[in-house]
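Engineer: Take this structure first; my questions come after.
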Amino acid sequence: MALNRTAVALVVGLALAGGAANPVCARAAEPVTLYYWGNEGDVLALDLIQDFESLHDGSDGRPPIKIIMGQSASVNKTSDPQRLLCGIAGGDPPDVVWFDRFAVGEWAAKGAFMSLQPYLDRDLAERPDDPFTLRAEQFYTPCWDEACYGDEVYAIPTTTDNRAMFYNLDSFERHAEELIAAGCVDPDDATKPGPPQTWDQLKAATEILTEYDDDGKLVRVGFIPNYGNSWLYIYGWLNGGKFMSDDGRTCLLDSDEIVDALVFMTEVYDIMGGAAAVNAFQTSQEGGDLDPFLSDKVAMRIDGDGYLWHIANYRRDMQFGVCLAPAPPQGRRLGWCGGWALVIPAGAEHPDEAWEFIKYMVSRRAERIKSDANLQNQRAQGYTWIPGIHARKDLTEWILDKYFYSDPTVAENLKVAKRTFVDAMPFSKYRPVTPVGQKLWNEQVRAMENGIYKKFDKTDIRANAREACRRAAAEVQRELDAIFDPREYPQLSWKPIVVTYIGILLMAVAFGYWYFNRKMHATGYFRREFYAGYLFASPWFLGFAVFGGGPIVFSLFMSFCRYDVLSAPEFVAFDNYIEMLFGDPLFYKSLWNTVFMVIGLPLGMAVGLGIAMLLSYEIKGMAVYRTFFYLPAIMPAVAASILWIWIFNPQEGILNSLLDTLGLTGPLTALFRVDELAWLQNEYLSKPALILMGLWGAGGSMIIWLAGLKGIPKHLYEAAELDGAGRFRKFWNVTLPMLSPYILLNLIMGLIGTFQIFTQAYIMTQGGPVDSTLFYAYALFNNAFRYMKMGYASAMAWVLFAIVLVLTIIQLQLSKRWVYYETEK
C-alpha cells in the first residue's frame with residue numbers, strides 16, 4: 001500500500017513538474033474568462049464574441065479567452081449606476097463595460113476606471129505595425145478628447161453621433177414667399193425657400209411656420225428649441241459660450257453667452273405661446289411613422305444622425321434637408337457629438353485580456369462582421385440600413401463608402417444628409433470632461449426649465465435667464481470647490497464601530513438573559529420551553545442585527561461622513577446637515593413638494609371610505625365589484641404610471657376629453673390660472689395630477705375600511721334610529737367614531753407612504769417641470785446614486801426619519817382625544 005502511494009505521488013509530481021517545465025501547455029488548459037457588460041440592444045454582439053474567441057483559442061501558446069456577456073440591469077449606465085458601483089466597490093467588477101463617454105471623466109476622477117494609457121504606449125512601442133494597435137489620430141478629436149481625463153485616456157471610443165437641424169421642405173414650400181422675405185433661402189437657389197442660417201431667421205421662420213386651430217391651439221409648429229436632441233448645451237456653444245473653464249475648476253454656466261442662449265430659447269417658445277403650451281403639444285405627439293416631423297406637424301428639429309433611419313424607413317418619399325444648426329452672427333454653426341466607449345473598471349481581474357478585447361471591438365475586422373450582419377438584418381426586414389458614425393475616422397469612411405454611399409437603392413438626399421453630419425465631426429462640441437459631469441448636466445437642464453418657464457421673473461426674460469443660470473452655476477461650483485479645494489477630514493475607521501456594535505449586541509443579549517431570568521419564575525419543562533421559543537426566534541434576531549440593525553447603524557455614521565462608495569469615508573461631523581439646512585435650495589423645494597402631496601391623503605381616505613360604504617351592502621355580485629375596485633391597488637406602479645401618462649395627455653388624453661364633454665375645462669383652467677390643462681407639463685398642475693392619479697388606487701384602503709364597517713355592531717345603528725337619527729347623523733355619530741382606529745391607521749400609514757413617494761415622479765415627470773415633482777425621496781435618490789454623495793443622502797434619510805417619527809408621535813398623542821376603542825371603559 002505504501003509503495004502504491006509512493007508511485008502515485010511520483011506520477012503526480014512528474015506531471016506537475018512537466019507542467020512547470022512547459023508553462024505554455026499548462027496555461028493553455030485554463031482559459032481566461034472575461035465578463036463584458038455590453039449594449040443590451042446589440043443583438044449582433046454574439047457574432048463578434050465568437051470571432052474574438054476564435055482568434056484567442058490558445059493556439060498561439062497564450063491562454064484562450066472566453067467572453068461572458070451580461071448587462072448592467074439599469075435604466076441608464078451613467079445616471080443609474082448602482083450595479084456597476086457595487087461591483088467596483090466590492091472588488092468584483094466586470095472586465096469590460098460599454099459606457100457613456102461623457103461620464104468617463106467623472107468616474108475616472110473617482111478612481112473607478114483604469115487608465116488605458118500604459119497599454120496604448122506599450123503597443124505603440126512593441127507592436128507599431130499590428131493592425132489592432134490603436135493611435136489617437138485614428139479617432140475623431142472630439143471623441144478621443146471626451147474619453148480622456150487629465151493627460152491620460154480612460155476609455156476607447158466606439159460609436160458616436162452628431163447633431164444637426166432637419167427641415168421639412170414641404171412645410172417650407174407652403175410658406176415660400178414669407179420665408180424668402182425673411183431671408184430663409186436655399187443656399188444654391190435664392191428663389192427657393194431654405195433653412196434659416198441665423199437665430200433671427202430661425203425666430204422668423206418659427207413664427208411663419210407655426211399654425212393654430214380656431215380655438216387658438218397649436219396645430220403645427222415651426223421649431224421647438226428642446227425637441228429632438230438639443231438642450232441648452234448646443235445653444236450655448238452656438239453662441240460662442242463654454243460651460244467650464246479651460247482648467248476645469250470654474251463653472252461658466254452663468255456667462256453672458258449662456259444667458260443669451262437661454263434668452264433665445266425662451267423667445268422662441270414665447271413666439272408659439274410659451275413653454276407650457278408648446279410642451280403640451282409636444283408630448284401629445286406619437287412616435288414611429290406618426291412622428292410629428294414625419295407627419296408634417298413640426299417643420300424643423302435638431303436631432304442626431306440616427307434620425308435619418310426613421311425618415312428612410314417611415315417616410316421614404318419625404319422632401320427634407322439637413323444643415324448645421326443656425327447660429328448668431330458672433331457664433332459658429334457646429335454640431336454636438338456624443339456616444340459610447342469601452343472601459344476597464346478598477347479592480348478588473350484580467351485587464352490585459354480586457355485590453356485585447358477592446359482593441360478587437362474597435363477594429364476593422366469587427367466592424368466588417370457587424371456591418372455585414374446589420375445590412376442583412378435590415379434588408380431582411382424590408383428596411384434601409386443607414387450606418388452610424390464610428391469614433392474612428394478611417395472606419396467611418398470605409399463603412400459609409402462600402403455600405404451606404406455606393407448603394408444605388410439609397411436616396412441621394414439621405415447620402416447628402418449623412419455627409420453633413422460626418423463633415424462636421426472634426427469641429428463638433430462635446431460635453432465638458434469634468435468630475436461633476438452628471439451634476440452639470442442636471443443643472444443645465446434645471447437652468448433651461450427655469451428659464452423657458454420664467455420661474456423667477458415673468459416680465460423680464462433676460463433677468464429671469466440670468467437668475468436661472470446663476471443658481472445652476474452656483475450649485476455646480478459648490479461641487480467643484482469641494483473637489484479641487486477640499487477640506488482635510490480624518491478618515492473614518494470601521495473597526496471600532498463594528499467592535500462597538502457587536503459589543504452593544506452582546507450586552508443587549510446578556511441584559512435580556514439576566515432580566516428575563518430574574519422575572520421568570522417558571523422551572524423545569526416550562527423554562528426549557530421558554531428558552532426554546534427564543535431559540536426558534538433567534539434567526540430573526542440575528543437577521544435583523546446583520547441586515548437591519550447593521551445598515552441602520554452604517555447609515556447613521558455615514559450621515560456624518562463624506563462618502564462616495566469608491567473611496568474611504570471621511571468624518572465631516574455635522575457638515576452634511578449644515579449644507580442640507582443652509583446650503584441646498586433643493587432640500588426645501590423637495591420637502592415642500594412632498595408636504596403638498598399630503599393634500600391627497602384625506603382625499604384618498606375619503607374616496608376609499610366612500611367606496612367601502614357603497615360596497616358594504618350585501619347584494620348579488622358584490623364580490624365582483626369589490627375585486628374591480630381593488631385591482632388598481634395591486635397594479636404595478638410602473639405600469640400604472642405609463643397608463644396615466646396617456647390619460648393625462650393634454651390633447652389626446654381621455655381625461656381632458658371627458659372634462660371638455662362636461663364643460664369643466666374652463667372652470668379648471670381659471671381655478672389653476674393656466675391657459676391649458678397640460679397636467680404633467682405645467683408646474684402648477686403636475687402635483688394635483690399625481691394626487692388625482694393616487695385616488696385611482698383608493699381601493700387599497702377600501703379593504704381596511706370594509707373590514708372596519710363590517711365590525712360595527714348593528715344594534716348601534718338601531719339605537720340611533722330609535723333616537724330619530726338620519727343617515728348623516730348615524731354616519732357622524734356612529735360610523736366615524738367606530739372607525740376611528742382605522743382612520744388613525746390609514747392616516748399614519750398614508751403619511752409615511754406620502755413622504756416616500758418616488759415611482760410616479762421617476763417614471764412620469766423625472767422631477768419636472770421646473771422641479772415641481774422633485775419629491776424628497778427622489779432628491780435623496782439623486783444624491784445617493786447619481787451624484788454618489790452617500791453621506792449626504794444618509795443625512796437626508798435620517799432627517800426624513802426624524803420628520804416621520806415626530807409626525808407619527810404627534811398623531812398618536814392627539815389620537816387619545818378622538819380615537820375610540822371598544823375595549824376601553
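Letters for chains follow the order of the C-alpha cells (A, B, ...), residue numbers begin at 1 for each chain, and ligand numbers begin at 1 in the order shown.
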Could the residues of segment 583-671 of chain A that have an atom at most 10 Å from segment 751-769 of chain A be listed as CSV, each with its closest atom pair and the distance in Å to one decimal, counting only C-alpha atoms and ordered by chain and ascending residue number?
Structural biologist:
residue,atom,partner,partner_atom,distance
A:Ser590,CA,A:Gly767,CA,9.4
A:Leu591,CA,A:Phe755,CA,8.7
A:Asn593,CA,A:Phe755,CA,9.8
A:Thr594,CA,A:Phe755,CA,6.0
A:Val595,CA,A:Phe755,CA,7.6
A:Phe596,CA,A:Thr754,CA,9.6
A:Met597,CA,A:Thr754,CA,6.7
A:Val598,CA,A:Thr754,CA,6.4
A:Ile599,CA,A:Thr754,CA,9.7
A:Gly600,CA,A:Thr754,CA,8.6
A:Leu601,CA,A:Leu751,CA,7.1
A:Pro602,CA,A:Leu751,CA,9.9
A:Ala637,CA,A:Thr759,CA,6.8
A:Val638,CA,A:Ile763,CA,6.9
A:Ala639,CA,A:Ile763,CA,9.6
A:Ala640,CA,A:Gln760,CA,8.7
A:Ser641,CA,A:Gln760,CA,5.9
A:Ile642,CA,A:Met764,CA,7.1
A:Leu643,CA,A:Met764,CA,9.8
A:Trp644,CA,A:Met764,CA,8.4
A:Ile645,CA,A:Met764,CA,6.5
Engineer: Identify, on the basis of only C-alpha atoms, every residue whose closest approach to Phe554 of chain A does not exceed 12 Å; exclude the query and any residue fewer than 3 positions from it along the same chain; express the result as a compact mmCIF listing (two decimals) with C-alpha atoms, in the first residue's frame.
Structural biologist:
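The resulting file, out02.txt, is shown below:
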# COMPACT_ATOMS: atom_id res chain seq x y z
CA LEU A 492 -13.40 57.03 9.48
CA TRP A 494 -14.71 50.91 10.74
CA ILE A 497 -17.56 50.98 15.06
CA VAL A 498 -18.01 47.29 14.27
CA TYR A 501 -21.83 47.48 17.59
CA ALA A 545 -28.84 42.51 13.71
CA VAL A 546 -26.91 41.85 10.49
CA PHE A 547 -29.25 43.01 7.70
CA GLY A 548 -31.37 45.53 9.58
CA GLY A 549 -29.55 46.98 12.51
CA GLY A 550 -26.19 46.89 10.72
CA PRO A 551 -27.29 49.06 7.76
CA PHE A 557 -22.37 57.04 10.79
CA MET A 558 -22.39 57.77 7.05
CA SER A 559 -24.58 60.81 7.66
CA PHE A 560 -21.59 62.36 9.43
CA CYS A 561 -19.19 61.43 6.63
CA TYR A 563 -18.52 59.04 1.23
CA PRO A 569 -15.33 57.66 4.23
CA MET A 790 -23.81 58.67 0.04
CA GLY A 791 -23.00 60.60 3.20
CA SER A 794 -27.75 59.27 4.51
CA ALA A 795 -28.19 62.59 6.32
CA TRP A 798 -32.20 60.48 8.86
Engineer: Could you pull out all residues of segment 19-152 of chain A with a DSSP call of strand (DSSP E or B) and give them as a list in words?
Structural biologist: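 Strand (DSSP E or B) members of segment 19-152 of chain A, listed: Val32, Thr33, Leu34, Tyr35, Tyr36, Trp37, Ile65, Lys66, Ile67, Ile68, Met69, Gly70, Val96, Val97, Trp98, Phe99, Asp100, Phe113, Phe139, Cys148, Tyr149 and Glu152 of chain A.
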Engineer: Leaving out Cys143 of chain A and any residue of its chain fewer than 3 positions from it, which residues lie within 8 Å of it when counting only C-alpha atoms, given as an mmCIF file with N, CA, C and O atoms, in the first residue's frame?
Structural biologist:
data_model
loop_
_atom_site.group_PDB
_atom_site.id
_atom_site.type_symbol
_atom_site.label_atom_id
_atom_site.label_comp_id
_atom_site.auth_asym_id
_atom_site.auth_seq_id
_atom_site.Cartn_x
_atom_site.Cartn_y
_atom_site.Cartn_z
ATOM 1 N N PHE A 139 -8.836 58.489 -34.444
ATOM 2 C CA PHE A 139 -10.169 58.832 -33.952
ATOM 3 C C PHE A 139 -10.481 60.306 -34.209
ATOM 4 O O PHE A 139 -9.578 61.137 -34.327
ATOM 5 N N TYR A 140 -11.769 60.598 -34.289
ATOM 6 C CA TYR A 140 -12.181 61.997 -34.330
ATOM 7 C C TYR A 140 -11.728 62.670 -33.033
ATOM 8 O O TYR A 140 -11.909 62.113 -31.938
ATOM 9 N N GLU A 146 -12.988 63.382 -25.377
ATOM 10 C CA GLU A 146 -14.044 63.130 -24.402
ATOM 11 C C GLU A 146 -13.743 61.881 -23.576
ATOM 12 O O GLU A 146 -14.260 61.740 -22.454
ATOM 13 N N ALA A 147 -12.899 60.994 -24.093
ATOM 14 C CA ALA A 147 -12.564 59.761 -23.386
ATOM 15 C C ALA A 147 -11.326 59.912 -22.515
ATOM 16 O O ALA A 147 -10.874 58.930 -21.917
ATOM 17 N N PRO A 157 -13.146 55.118 -27.499
ATOM 18 C CA PRO A 157 -14.445 55.440 -28.113
ATOM 19 C C PRO A 157 -14.848 54.393 -29.143
ATOM 20 O O PRO A 157 -14.006 53.851 -29.868
ATOM 21 N N THR A 160 -20.407 56.925 -32.195
ATOM 22 C CA THR A 160 -20.653 58.333 -31.904
ATOM 23 C C THR A 160 -21.834 58.780 -32.746
ATOM 24 O O THR A 160 -22.326 58.058 -33.616
ATOM 25 N N CYS A 337 -21.439 66.161 -30.652
ATOM 26 C CA CYS A 337 -21.315 64.707 -30.751
ATOM 27 C C CYS A 337 -21.284 64.088 -29.363
ATOM 28 O O CYS A 337 -20.852 64.701 -28.388
ATOM 29 N N GLY A 338 -21.735 62.893 -29.300
ATOM 30 C CA GLY A 338 -21.719 62.109 -28.072
ATOM 31 C C GLY A 338 -21.813 60.650 -28.445
ATOM 32 O O GLY A 338 -22.180 60.313 -29.568
ATOM 33 N N GLY A 339 -21.477 59.788 -27.538
ATOM 34 C CA GLY A 339 -21.545 58.369 -27.878
ATOM 35 C C GLY A 339 -21.026 57.508 -26.752
ATOM 36 O O GLY A 339 -21.054 57.885 -25.585
ATOM 37 N N ALA A 391 -16.391 56.174 -34.063
ATOM 38 C CA ALA A 391 -15.466 57.148 -33.482
ATOM 39 C C ALA A 391 -14.136 57.185 -34.230
ATOM 40 O O ALA A 391 -13.406 58.183 -34.149
ATOM 41 N N TYR A 430 -18.454 68.650 -27.531
ATOM 42 C CA TYR A 430 -18.819 67.526 -26.685
ATOM 43 C C TYR A 430 -18.970 68.036 -25.262
ATOM 44 O O TYR A 430 -18.445 69.089 -24.892
#
Engineer: Work out how far apart atom CA of Phe728 of chain A and atom CA of His715 of chain A are and give it in Å to one decimal.
Structural biologist: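 Atom CA of Phe728 of chain A sits 17.1 Å away from atom CA of His715 of chain A.
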Engineer: Residues of segment 658-758 of chain A that approach segment 446-455 of chain A to 12 Å or less, counting only C-alpha atoms: could you list each one with the shortest pair of atoms and its distance in Å to one decimal, rows by chain and increasing residue number, as a tab-separated table?
Structural biologist:
residue	atom	partner	partner_atom	distance
A:Gln681	CA	A:Tyr453	CA	10.4
A:Asn682	CA	A:Tyr453	CA	9.0
A:Glu683	CA	A:Tyr453	CA	8.8
A:Tyr684	CA	A:Tyr453	CA	11.3
Engineer: Give me a file of those residues, with C-alpha atoms, as a compact mmCIF listing (two decimals), in the first residue's frame.
Structural biologist:
# COMPACT_ATOMS: atom_id res chain seq x y z
CA GLN A 681 -46.18 69.72 -18.40
CA ASN A 682 -47.28 72.56 -16.13
CA GLU A 683 -45.62 73.17 -12.76
CA TYR A 684 -48.94 74.19 -11.19
Engineer: Enumerate the residues of segment 435-650 of chain A with a DSSP assignment of alpha helix (DSSP H), computed from the backbone, and present them as a VMD selection string.
Structural biologist: chain A and resid 437 to 452 461 to 484 494 to 519 525 to 543 550 to 558 575 to 582 585 to 596 600 to 614 622 to 634 637 to 647
